[in-house]
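Student: So here's target.txt, just compact mmCIF, C-alpha atoms and all ligand atoms:
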# COMPACT_ATOMS: atom_id res chain seq x y z
CA ALA A 99 115.14 121.85 73.32
CA THR A 100 114.42 121.28 69.65
CA PRO A 101 111.39 119.23 68.57
CA THR A 102 113.81 116.59 67.29
CA ALA A 103 115.52 116.30 70.68
CA LEU A 104 112.12 115.93 72.38
CA MET A 105 111.11 113.22 69.92
CA VAL A 106 114.33 111.35 70.49
CA GLY A 107 113.81 111.69 74.25
CA THR A 108 110.27 110.32 73.97
CA GLY A 109 111.51 107.38 71.91
CA ARG A 110 114.31 106.66 74.37
CA GLY A 111 111.71 106.72 77.17
CA ALA A 112 109.69 104.02 75.42
CA GLN A 113 112.82 101.84 75.28
CA LEU A 114 113.30 102.31 79.03
CA GLY A 115 109.69 101.34 79.75
CA ILE A 116 108.44 104.90 80.23
CA LEU A 117 105.39 106.03 78.26
CA ILE A 118 105.33 109.81 77.95
CA ARG A 119 102.01 111.50 77.23
CA GLY A 120 103.52 114.32 75.16
CA PRO A 121 106.93 115.92 74.55
CA GLU A 122 106.09 118.91 76.80
CA VAL A 123 106.02 116.52 79.78
CA LEU A 124 109.82 116.35 79.72
CA GLU A 125 109.93 120.04 80.61
CA SER A 126 107.95 119.58 83.85
CA THR A 127 109.98 116.47 84.68
CA ARG A 128 113.20 118.42 84.70
CA ALA A 129 112.14 120.89 87.41
CA VAL A 130 110.90 118.34 89.95
CA ASP A 131 112.52 118.47 93.43
CA THR A 132 110.15 116.28 95.48
CA VAL A 133 108.81 112.81 94.72
CA VAL A 134 105.67 111.77 96.58
CA LEU A 135 105.24 108.00 96.63
CA ASP A 136 102.03 106.14 97.31
CA LYS A 137 102.73 103.13 99.55
CA THR A 138 100.46 100.23 98.64
CA GLY A 139 101.09 98.94 95.12
CA THR A 140 103.79 101.54 94.43
CA VAL A 141 106.54 101.07 97.04
CA THR A 142 105.11 97.68 98.11
CA THR A 143 103.90 94.89 95.83
CA GLY A 144 100.29 95.34 96.92
CA ALA A 145 99.98 91.56 96.95
CA MET A 146 98.90 91.14 100.54
CA THR A 147 98.39 87.99 102.54
CA LEU A 148 96.30 87.27 105.59
CA LEU A 149 98.73 86.48 108.41
CA ALA A 150 96.63 86.20 111.55
CA VAL A 151 93.13 86.42 113.03
CA HIS A 152 92.59 87.80 116.54
CA VAL A 153 89.07 87.41 117.96
CA ALA A 154 87.32 88.99 120.93
CA GLU A 155 86.29 86.69 123.76
CA GLY A 156 83.55 84.28 122.77
CA GLU A 157 83.91 84.81 119.01
CA SER A 158 84.73 82.09 116.50
CA GLU A 159 87.61 82.59 114.08
CA ASP A 160 85.80 80.66 111.37
CA GLU A 161 82.67 82.80 111.68
CA VAL A 162 84.77 85.97 111.48
CA LEU A 163 86.51 84.67 108.36
CA ARG A 164 83.23 83.57 106.76
CA LEU A 165 81.54 86.96 107.21
CA ALA A 166 84.56 89.21 106.61
CA GLY A 167 85.70 86.99 103.72
CA SER A 168 82.43 87.19 101.85
CA LEU A 169 82.27 90.96 102.36
CA GLU A 170 85.82 91.47 101.07
CA HIS A 171 85.16 89.10 98.17
CA ALA A 172 83.09 91.94 96.66
CA SER A 173 85.99 94.44 96.73
CA GLU A 174 89.07 94.66 94.52
CA HIS A 175 91.30 96.35 97.08
CA PRO A 176 94.56 94.42 97.69
CA ILE A 177 93.61 94.10 101.38
CA ALA A 178 90.23 92.72 100.38
CA ARG A 179 91.77 90.12 98.10
CA ALA A 180 94.08 88.96 100.91
CA VAL A 181 91.18 88.55 103.33
CA ALA A 182 88.88 86.83 100.80
CA VAL A 183 91.57 84.38 99.66
CA GLY A 184 92.77 83.64 103.20
CA ALA A 185 89.20 83.13 104.40
CA ALA A 186 88.25 80.81 101.51
CA GLU A 187 91.34 78.70 102.22
CA ARG A 188 90.26 78.23 105.83
CA VAL A 189 86.47 78.00 105.68
CA GLY A 190 85.72 77.02 102.08
CA GLU A 191 82.80 78.55 100.23
CA LEU A 192 81.80 82.07 101.26
CA PRO A 193 78.16 83.20 101.48
CA PRO A 194 76.87 85.97 99.18
CA VAL A 195 76.76 89.59 100.30
CA GLU A 196 73.86 92.02 99.89
CA GLY A 197 73.91 95.82 99.83
CA PHE A 198 77.68 95.90 99.49
CA ASP A 199 79.22 99.33 99.98
CA ASN A 200 82.85 100.30 99.47
CA ARG A 201 84.05 103.18 101.67
CA PRO A 202 87.27 104.33 99.95
CA GLY A 203 90.22 104.61 102.32
CA LEU A 204 88.13 103.23 105.17
CA GLY A 205 86.90 99.75 104.33
CA VAL A 206 83.76 97.87 103.31
CA GLN A 207 80.30 97.18 104.66
CA GLY A 208 77.34 94.97 103.68
CA VAL A 209 74.87 92.34 104.81
CA VAL A 210 75.99 88.71 105.04
CA ASP A 211 73.72 85.94 106.37
CA GLY A 212 71.43 88.63 107.78
CA HIS A 213 74.24 90.35 109.71
CA ALA A 214 75.28 93.96 109.05
CA VAL A 215 79.03 93.42 108.68
CA VAL A 216 81.77 96.03 108.53
CA ALA A 217 85.53 95.60 107.92
CA GLY A 218 88.25 98.21 107.76
CA ARG A 219 89.72 101.01 109.81
CA GLU A 220 88.79 101.49 113.43
CA ALA A 221 87.17 104.81 112.45
CA LEU A 222 84.75 102.99 110.14
CA LEU A 223 83.64 100.68 112.94
CA ALA A 224 83.27 103.73 115.20
CA ASP A 225 80.80 105.14 112.62
CA TRP A 226 78.68 102.11 113.47
CA GLY A 227 79.11 102.54 117.21
CA GLN A 228 81.52 99.62 117.41
CA HIS A 229 84.63 99.88 119.57
CA LEU A 230 87.52 97.44 119.89
CA PRO A 231 87.81 95.80 123.32
CA GLU A 232 91.17 96.10 125.06
CA SER A 233 92.44 92.69 123.91
CA LEU A 234 91.85 93.63 120.26
CA GLN A 235 93.33 97.10 120.78
CA ALA A 236 96.52 95.40 121.97
CA ALA A 237 96.56 92.96 119.03
CA LYS A 238 96.09 95.87 116.63
CA GLN A 239 98.96 97.85 118.17
CA ARG A 240 101.34 94.90 118.06
CA ALA A 241 100.48 94.23 114.41
CA GLU A 242 101.01 97.85 113.40
CA GLN A 243 104.30 98.14 115.23
CA ALA A 244 105.47 95.14 113.21
CA GLY A 245 104.56 97.03 110.01
CA ARG A 246 101.37 95.10 109.31
CA THR A 247 97.93 96.47 108.53
CA ALA A 248 95.25 95.67 111.09
CA ILE A 249 91.70 95.35 109.78
CA ALA A 250 88.91 95.60 112.33
CA VAL A 251 85.82 93.43 111.80
CA GLY A 252 82.43 93.77 113.44
CA TRP A 253 78.76 93.04 112.96
CA ASP A 254 75.42 93.71 114.57
CA GLY A 255 76.79 96.53 116.69
CA ARG A 256 79.89 94.80 118.08
CA ALA A 257 83.57 94.77 117.13
CA ARG A 258 84.57 91.09 116.93
CA ALA A 259 88.03 90.68 115.50
CA VAL A 260 91.23 92.14 114.12
CA LEU A 261 92.78 90.66 110.99
CA GLU A 262 96.48 91.11 110.24
CA VAL A 263 97.50 91.54 106.63
CA ALA A 264 100.85 92.53 105.21
CA ASP A 265 102.48 93.05 101.90
CA ALA A 266 106.14 93.10 101.01
CA VAL A 267 108.27 96.00 99.85
CA LYS A 268 109.16 95.56 96.15
CA PRO A 269 112.73 94.32 95.76
CA THR A 270 113.63 97.38 93.65
CA SER A 271 112.13 100.09 95.91
CA ALA A 272 115.15 100.76 98.14
CA GLN A 273 117.46 101.15 95.16
CA ALA A 274 114.94 103.39 93.39
CA ILE A 275 114.87 105.68 96.41
CA ARG A 276 118.68 105.84 96.53
CA GLU A 277 118.67 106.82 92.84
CA LEU A 278 116.04 109.52 93.39
CA ARG A 279 118.11 110.95 96.24
CA ALA A 280 121.25 110.87 94.09
CA LEU A 281 119.36 113.08 91.62
CA GLY A 282 118.82 115.61 94.43
CA LEU A 283 115.14 114.75 94.99
CA THR A 284 113.38 114.40 98.34
CA PRO A 285 111.26 111.23 98.62
CA VAL A 286 107.99 111.49 100.57
CA LEU A 287 105.75 108.54 101.50
CA LEU A 288 101.99 109.23 101.27
CA THR A 289 99.44 106.66 102.39
CA GLY A 290 95.99 106.04 103.76
CA ASP A 291 97.47 103.40 105.99
CA HIS A 292 98.24 103.81 109.67
CA ARG A 293 101.28 105.87 110.77
CA ALA A 294 103.14 102.90 112.36
CA VAL A 295 102.82 100.77 109.22
CA ALA A 296 103.94 103.68 107.03
CA ALA A 297 106.94 104.33 109.31
CA ALA A 298 108.04 100.68 109.13
CA VAL A 299 107.90 100.70 105.31
CA ALA A 300 109.69 104.07 105.12
CA ALA A 301 112.52 102.80 107.31
CA GLU A 302 112.85 99.70 105.17
CA VAL A 303 113.26 101.63 101.90
CA GLY A 304 115.22 104.62 103.19
CA ILE A 305 112.64 107.42 103.36
CA ASP A 306 113.21 109.85 106.25
CA ALA A 307 110.77 109.55 109.14
CA ASP A 308 109.83 113.23 108.85
CA GLN A 309 108.84 112.71 105.20
CA VAL A 310 106.05 110.22 106.01
CA ILE A 311 102.47 111.43 105.58
CA ALA A 312 100.08 108.73 106.83
CA ASP A 313 96.37 108.34 107.68
CA VAL A 314 95.41 110.35 104.58
CA LEU A 315 91.96 109.75 103.10
CA PRO A 316 91.86 109.20 99.31
CA GLU A 317 90.13 112.54 98.71
CA ASP A 318 92.82 114.33 100.73
CA LYS A 319 95.84 112.98 98.83
CA ALA A 320 95.56 115.74 96.19
CA ALA A 321 95.38 118.39 98.93
CA VAL A 322 98.64 117.08 100.41
CA VAL A 323 100.30 117.49 97.01
CA GLY A 324 98.84 121.00 96.80
CA ARG A 325 100.21 121.87 100.24
CA LEU A 326 103.74 120.79 99.24
CA GLN A 327 103.41 122.91 96.07
CA SER A 328 102.33 125.93 98.11
CA GLU A 329 105.55 125.48 100.12
CA GLY A 330 107.38 126.09 96.84
CA ARG A 331 108.18 122.50 96.01
CA VAL A 332 107.88 121.12 92.47
CA VAL A 333 106.17 117.79 93.02
CA ALA A 334 106.16 114.50 91.17
CA MET A 335 103.62 111.98 92.42
CA VAL A 336 103.90 108.24 91.80
CA GLY A 337 100.80 106.10 92.33
CA ASP A 338 98.80 103.13 91.13
CA GLY A 339 95.32 103.30 92.61
CA VAL A 340 91.97 104.89 91.85
CA ASN A 341 92.60 106.72 95.12
CA ASP A 342 95.75 108.30 93.64
CA ALA A 343 94.19 109.71 90.45
CA ALA A 344 93.35 113.20 91.76
CA ALA A 345 96.81 113.57 93.34
CA LEU A 346 98.47 112.44 90.10
CA ALA A 347 96.52 115.11 88.22
CA MET A 348 97.34 117.79 90.82
CA ALA A 349 101.09 117.08 90.84
CA ASP A 350 103.47 118.99 88.56
CA LEU A 351 104.31 115.57 87.18
CA GLY A 352 102.12 112.48 87.60
CA LEU A 353 103.67 109.03 87.22
CA ALA A 354 101.45 105.95 87.14
CA MET A 355 102.52 102.39 87.70
CA GLY A 356 101.75 100.47 84.50
CA THR A 357 100.65 97.60 86.73
CA GLY A 358 98.06 99.87 88.40
CA THR A 359 94.52 100.96 87.66
CA ASP A 360 93.30 102.65 84.45
CA ALA A 361 92.19 105.66 86.50
CA ALA A 362 95.76 106.28 87.66
CA ILE A 363 97.23 105.77 84.17
CA GLU A 364 94.70 108.17 82.63
CA ALA A 365 95.44 110.87 85.22
CA ALA A 366 99.23 110.64 84.83
CA ASP A 367 101.73 112.32 82.51
CA LEU A 368 104.05 109.32 82.49
CA THR A 369 103.47 105.60 82.84
CA LEU A 370 106.15 103.33 84.30
CA VAL A 371 105.24 100.31 82.19
CA ARG A 372 106.78 97.57 84.33
CA GLY A 373 105.70 99.05 87.65
CA ASP A 374 109.37 99.33 88.62
CA LEU A 375 110.02 102.46 90.70
CA ARG A 376 113.59 102.69 89.38
CA THR A 377 112.17 103.87 86.06
CA ALA A 378 110.94 107.02 87.87
CA ALA A 379 114.63 107.95 88.33
CA ASP A 380 115.33 106.97 84.71
CA ALA A 381 112.56 109.35 83.59
CA ILE A 382 114.07 112.29 85.47
CA ARG A 383 117.57 111.54 84.18
CA LEU A 384 116.19 111.27 80.66
CA ALA A 385 114.38 114.62 80.91
CA ARG A 386 117.46 116.40 82.20
CA ARG A 387 119.65 114.90 79.51
CA THR A 388 117.15 115.57 76.73
CA LEU A 389 116.75 119.17 77.78
CA GLY A 390 120.47 119.60 78.19
CA THR A 391 120.71 120.51 81.87
CA ILE A 392 123.46 119.22 84.03
CA LYS A 393 122.51 119.24 87.66
P1 LIG B 1 97.03 103.30 100.35
O1 LIG B 1 97.01 104.79 100.42
O2 LIG B 1 98.21 102.74 101.12
O3 LIG B 1 97.06 102.80 98.90
P2 LIG B 1 94.08 103.05 100.89
O4 LIG B 1 93.82 104.53 100.89
O5 LIG B 1 93.54 102.27 99.74
O6 LIG B 1 95.67 102.72 101.11
O7 LIG B 1 93.45 102.42 102.23
C1 LIG B 1 93.69 103.00 103.49
C2 LIG B 1 93.26 102.10 104.62
O8 LIG B 1 91.83 101.89 104.59
C3 LIG B 1 93.84 100.71 104.59
O9 LIG B 1 95.13 100.65 105.15
C4 LIG B 1 92.79 99.92 105.40
O10 LIG B 1 92.99 100.11 106.77
C5 LIG B 1 91.49 100.58 105.00
N1 LIG B 1 90.83 99.87 103.87
C6 LIG B 1 90.70 100.31 102.60
N2 LIG B 1 90.03 99.42 101.85
C7 LIG B 1 89.76 98.35 102.63
C8 LIG B 1 89.09 97.07 102.47
N3 LIG B 1 88.57 96.69 101.30
N4 LIG B 1 88.99 96.26 103.53
C9 LIG B 1 89.51 96.62 104.72
N5 LIG B 1 90.14 97.79 104.96
C10 LIG B 1 90.27 98.65 103.95
MG MG B 2 98.16 102.34 96.10
Could you express the structure from this file as structure tokens?
Tutor:
Amino acid sequence: ATPTALMVGTGRGAQLGILIRGPEVLESTRAVDTVVLDKTGTVTTGAMTLLAVHVAEGESEDEVLRLAGSLEHASEHPIARAVAVGAAERVGELPPVEGFDNRPGLGVQGVVDGHAVVAGREALLADWGQHLPESLQAAKQRAEQAGRTAIAVGWDGRARAVLEVADAVKPTSAQAIRELRALGLTPVLLTGDHRAVAAAVAAEVGIDADQVIADVLPEDKAAVVGRLQSEGRVVAMVGDGVNDAAALAMADLGLAMGTGTDAAIEAADLTLVRGDLRTAADAIRLARRTLGTIK
């Protein structure tokens, strides 16, 4: 394509709400055959709410919310915001947390009111020798089968509760995925969340069950992109989080949600300004048209 055509394409992108890092990006956009989508904040709104609290025998819901709420108050993760807001609504002011530690893709830990508190994936509690009793195991399974995220909470060596949080699929996600398919692309869902939750979201937006890659730690997301590339696929990755930055950089084409974190935007080739997944399909159409390929 001529430099003029590329400039026109870049300008047209801006009108569509697509910021393109440089004209050469259009070239990599054209060849893409696979689109890897982060779940939380990309396919879903990321605005989670606390739906339910399940406690082990003898535990108090309010105490669980007070301790987990103050711990999550120190984190900016969408799950953390849901727990902190839901807890503050129920129990009022939350105590301060000391020695707060964020464990990306796993959860959070810290000291609240003299208790060593941990909240997140079951594997994180297991690191602390805490195991969910059968009643909480069952609550967790039911929540995940319903497409919700179950957050385990424990302190002082014992697992005490499971919190249920959920976020909604963005109203434009299903249509965006239909448009990507119509362009001949294969959508893949990539998430650190549990397999059952990922499967429920995939079914809702029309991603095939065999294209769901779940339980992936943040540092492994880039390796998943690399594996797809080594299978000969040309991969676009769409993400919003700090945990997506390395995968966005690894992909043949990185697309960041404009509503996401600076780390994701800096790592990406394209920014979808409005955070609307349909503009990912617009970007690919634009690149093909600008470069004069009919496919
Ligand atoms: P995604 O890939 O969908 O954007 P993340 O990699 O950020 O998700 O998180 C993966 C999982 O780690 C979450 O589903 C949750 O179980 C756990 N987790 C992460 N951060 C937190 C937190 N602040 N509090 C509780 N659990 C968390
Ligand atoms: Mg995300």
Student: Compile the contact shell of A:Leu114 as a VMD selection string: residues with an atom at most 8 Å away, counting all atoms listed in the file, same-chain residues fewer than 4 positions apart removed.
Tutor: chain A and resid 110 377 380
Student: Report, in Å to a single decimal, how far apart atom CA of A:Val314 and atom CA of A:Gln235 are.
Tutor: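 Interatomic distance here is 21.0 Å.
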Student: Pick the closest to A:Val130 from A:Val215, A:Leu346, A:Leu351, A:Val195: which is it, counting only C-alpha atoms?
Tutor: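 Using only C-alpha atoms, A:Val130 sits closest to A:Leu351.
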Student: So, with all atoms listed in the file as the atoms that count, which of A:Glu262, A:Glu159, A:Glu196, A:Glu191 lies closest to ligand LIG 1 (chain B)?
Tutor: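 Among the listed residues, the smallest separation from ligand LIG 1 (chain B) belongs to A:Glu262.
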Student: Closest to ligand LIG 1 (chain B) among A:Leu117, A:Leu223, A:Ile249, A:Ala154, using all atoms listed in the file?
Tutor: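 Using all atoms listed in the file, ligand LIG 1 (chain B) sits closest to A:Ile249.
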Student: Can you pull out every residue within 9 Å of A:Met146, counting all atoms listed in the file, but drop anything in the same chain fewer than 4 positions away, and send it as a PyMOL selection string?
Tutor: chain A and resi 176-181+263-266
Student: So how far away is atom CA of A:Ala365 from atom CA of A:Gly107, in Å?
Tutor: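 We find that atom CA of A:Gly107 and atom CA of A:Ala365 lie 21.4 Å from each other.
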Student: Using only C-alpha atoms and all ligand atoms, which residues of the polymer chains come no farther than 9 Å from ligand LIG 1 (chain B)? I'd like the answer as a CSV table (one decimal) with C-alpha atoms, in the coordinates of the input.
Tutor:
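Contents of out32.csv, as written:
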chain,number,residue,atom,x,y,z
A,136,ASP,CA,102.0,106.1,97.3
A,137,LYS,CA,102.7,103.1,99.6
A,138,THR,CA,100.5,100.2,98.6
A,139,GLY,CA,101.1,98.9,95.1
A,140,THR,CA,103.8,101.5,94.4
A,144,GLY,CA,100.3,95.3,96.9
A,166,ALA,CA,84.6,89.2,106.6
A,169,LEU,CA,82.3,91.0,102.4
A,170,GLU,CA,85.8,91.5,101.1
A,171,HIS,CA,85.2,89.1,98.2
A,172,ALA,CA,83.1,91.9,96.7
A,173,SER,CA,86.0,94.4,96.7
A,174,GLU,CA,89.1,94.7,94.5
A,175,HIS,CA,91.3,96.4,97.1
A,176,PRO,CA,94.6,94.4,97.7
A,177,ILE,CA,93.6,94.1,101.4
A,178,ALA,CA,90.2,92.7,100.4
A,179,ARG,CA,91.8,90.1,98.1
A,181,VAL,CA,91.2,88.6,103.3
A,200,ASN,CA,82.8,100.3,99.5
A,201,ARG,CA,84.0,103.2,101.7
A,202,PRO,CA,87.3,104.3,100.0
A,203,GLY,CA,90.2,104.6,102.3
A,204,LEU,CA,88.1,103.2,105.2
A,205,GLY,CA,86.9,99.8,104.3
A,206,VAL,CA,83.8,97.9,103.3
A,207,GLN,CA,80.3,97.2,104.7
A,216,VAL,CA,81.8,96.0,108.5
A,217,ALA,CA,85.5,95.6,107.9
A,218,GLY,CA,88.2,98.2,107.8
A,219,ARG,CA,89.7,101.0,109.8
A,220,GLU,CA,88.8,101.5,113.4
A,222,LEU,CA,84.8,103.0,110.1
A,247,THR,CA,97.9,96.5,108.5
A,248,ALA,CA,95.2,95.7,111.1
A,249,ILE,CA,91.7,95.4,109.8
A,250,ALA,CA,88.9,95.6,112.3
A,251,VAL,CA,85.8,93.4,111.8
A,288,LEU,CA,102.0,109.2,101.3
A,289,THR,CA,99.4,106.7,102.4
A,290,GLY,CA,96.0,106.0,103.8
A,291,ASP,CA,97.5,103.4,106.0
A,292,HIS,CA,98.2,103.8,109.7
A,295,VAL,CA,102.8,100.8,109.2
A,296,ALA,CA,103.9,103.7,107.0
A,312,ALA,CA,100.1,108.7,106.8
A,313,ASP,CA,96.4,108.3,107.7
A,314,VAL,CA,95.4,110.4,104.6
A,315,LEU,CA,92.0,109.8,103.1
A,316,PRO,CA,91.9,109.2,99.3
A,319,LYS,CA,95.8,113.0,98.8
A,337,GLY,CA,100.8,106.1,92.3
A,338,ASP,CA,98.8,103.1,91.1
A,339,GLY,CA,95.3,103.3,92.6
A,340,VAL,CA,92.0,104.9,91.8
A,341,ASN,CA,92.6,106.7,95.1
A,342,ASP,CA,95.8,108.3,93.6
Student: Go through A:Ala145, A:Ala294, A:Val323, A:Ala280 and flag the residue nearest ligand MG 2 (chain B), using only C-alpha atoms and all ligand atoms for the distances.
Tutor: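 The answer is A:Ala145, which sits nearest to ligand MG 2 (chain B).
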Student: Any chance you could build stretch 277-306 of chain A out to N, CA and C atoms and write it as a CSV table (one decimal), in the frame of the given file?
Tutor:
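Printed below is rebuild35.csv as written:
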chain,number,residue,atom,x,y,z
A,277,GLU,N,118.4,106.1,94.1
A,277,GLU,CA,118.7,106.8,92.8
A,277,GLU,C,118.0,108.2,92.8
A,278,LEU,N,116.8,108.2,93.4
A,278,LEU,CA,116.0,109.5,93.4
A,278,LEU,C,116.8,110.5,94.3
A,279,ARG,N,117.3,110.1,95.4
A,279,ARG,CA,118.1,111.0,96.2
A,279,ARG,C,119.4,111.4,95.5
A,280,ALA,N,120.0,110.5,94.8
A,280,ALA,CA,121.2,110.9,94.1
A,280,ALA,C,121.0,111.9,93.0
A,281,LEU,N,119.7,112.0,92.6
A,281,LEU,CA,119.4,113.1,91.6
A,281,LEU,C,119.0,114.4,92.3
A,282,GLY,N,119.1,114.4,93.7
A,282,GLY,CA,118.8,115.6,94.4
A,282,GLY,C,117.4,115.8,94.8
A,283,LEU,N,116.6,114.7,94.7
A,283,LEU,CA,115.1,114.8,95.0
A,283,LEU,C,114.8,114.3,96.4
A,284,THR,N,113.8,114.8,97.0
A,284,THR,CA,113.4,114.4,98.3
A,284,THR,C,112.2,113.4,98.2
A,285,PRO,N,112.4,112.2,98.7
A,285,PRO,CA,111.3,111.2,98.6
A,285,PRO,C,110.3,111.4,99.8
A,286,VAL,N,109.0,111.4,99.5
A,286,VAL,CA,108.0,111.5,100.6
A,286,VAL,C,107.1,110.3,100.4
A,287,LEU,N,106.7,109.7,101.6
A,287,LEU,CA,105.8,108.5,101.5
A,287,LEU,C,104.4,109.0,101.9
A,288,LEU,N,103.4,108.8,101.0
A,288,LEU,CA,102.0,109.2,101.3
A,288,LEU,C,101.1,108.0,101.3
A,289,THR,N,100.3,107.9,102.3
A,289,THR,CA,99.4,106.7,102.4
A,289,THR,C,98.2,106.9,103.2
A,290,GLY,N,97.2,106.1,102.9
A,290,GLY,CA,96.0,106.0,103.8
A,290,GLY,C,96.1,105.1,104.9
A,291,ASP,N,97.3,104.4,104.9
A,291,ASP,CA,97.5,103.4,106.0
A,291,ASP,C,97.9,104.1,107.3
A,292,HIS,N,97.9,103.3,108.3
A,292,HIS,CA,98.2,103.8,109.7
A,292,HIS,C,99.7,104.3,109.7
A,293,ARG,N,99.9,105.3,110.6
A,293,ARG,CA,101.3,105.9,110.8
A,293,ARG,C,102.4,104.8,111.1
A,294,ALA,N,102.1,103.9,112.0
A,294,ALA,CA,103.1,102.9,112.4
A,294,ALA,C,103.5,102.0,111.2
A,295,VAL,N,102.5,101.6,110.4
A,295,VAL,CA,102.8,100.8,109.2
A,295,VAL,C,103.6,101.6,108.2
A,296,ALA,N,103.2,102.8,108.0
A,296,ALA,CA,103.9,103.7,107.0
A,296,ALA,C,105.4,103.9,107.5
A,297,ALA,N,105.6,104.1,108.8
A,297,ALA,CA,106.9,104.3,109.3
A,297,ALA,C,107.8,103.1,109.1
A,298,ALA,N,107.3,101.9,109.3
A,298,ALA,CA,108.0,100.7,109.1
A,298,ALA,C,108.5,100.5,107.7
A,299,VAL,N,107.6,100.8,106.7
A,299,VAL,CA,107.9,100.7,105.3
A,299,VAL,C,108.9,101.8,104.9
A,300,ALA,N,108.8,103.0,105.4
A,300,ALA,CA,109.7,104.1,105.1
A,300,ALA,C,111.1,103.7,105.6
A,301,ALA,N,111.2,103.2,106.8
A,301,ALA,CA,112.5,102.8,107.3
A,301,ALA,C,113.2,101.7,106.4
A,302,GLU,N,112.3,100.8,106.0
A,302,GLU,CA,112.8,99.7,105.2
A,302,GLU,C,113.4,100.2,103.8
A,303,VAL,N,112.8,101.2,103.2
A,303,VAL,CA,113.3,101.6,101.9
A,303,VAL,C,114.1,102.9,101.9
A,304,GLY,N,114.3,103.5,103.1
A,304,GLY,CA,115.2,104.6,103.2
A,304,GLY,C,114.6,106.0,103.0
A,305,ILE,N,113.3,106.1,103.4
A,305,ILE,CA,112.6,107.4,103.4
A,305,ILE,C,112.7,108.0,104.8
A,306,ASP,N,113.1,109.3,104.9
A,306,ASP,CA,113.2,109.8,106.2
A,306,ASP,C,111.9,109.9,107.0
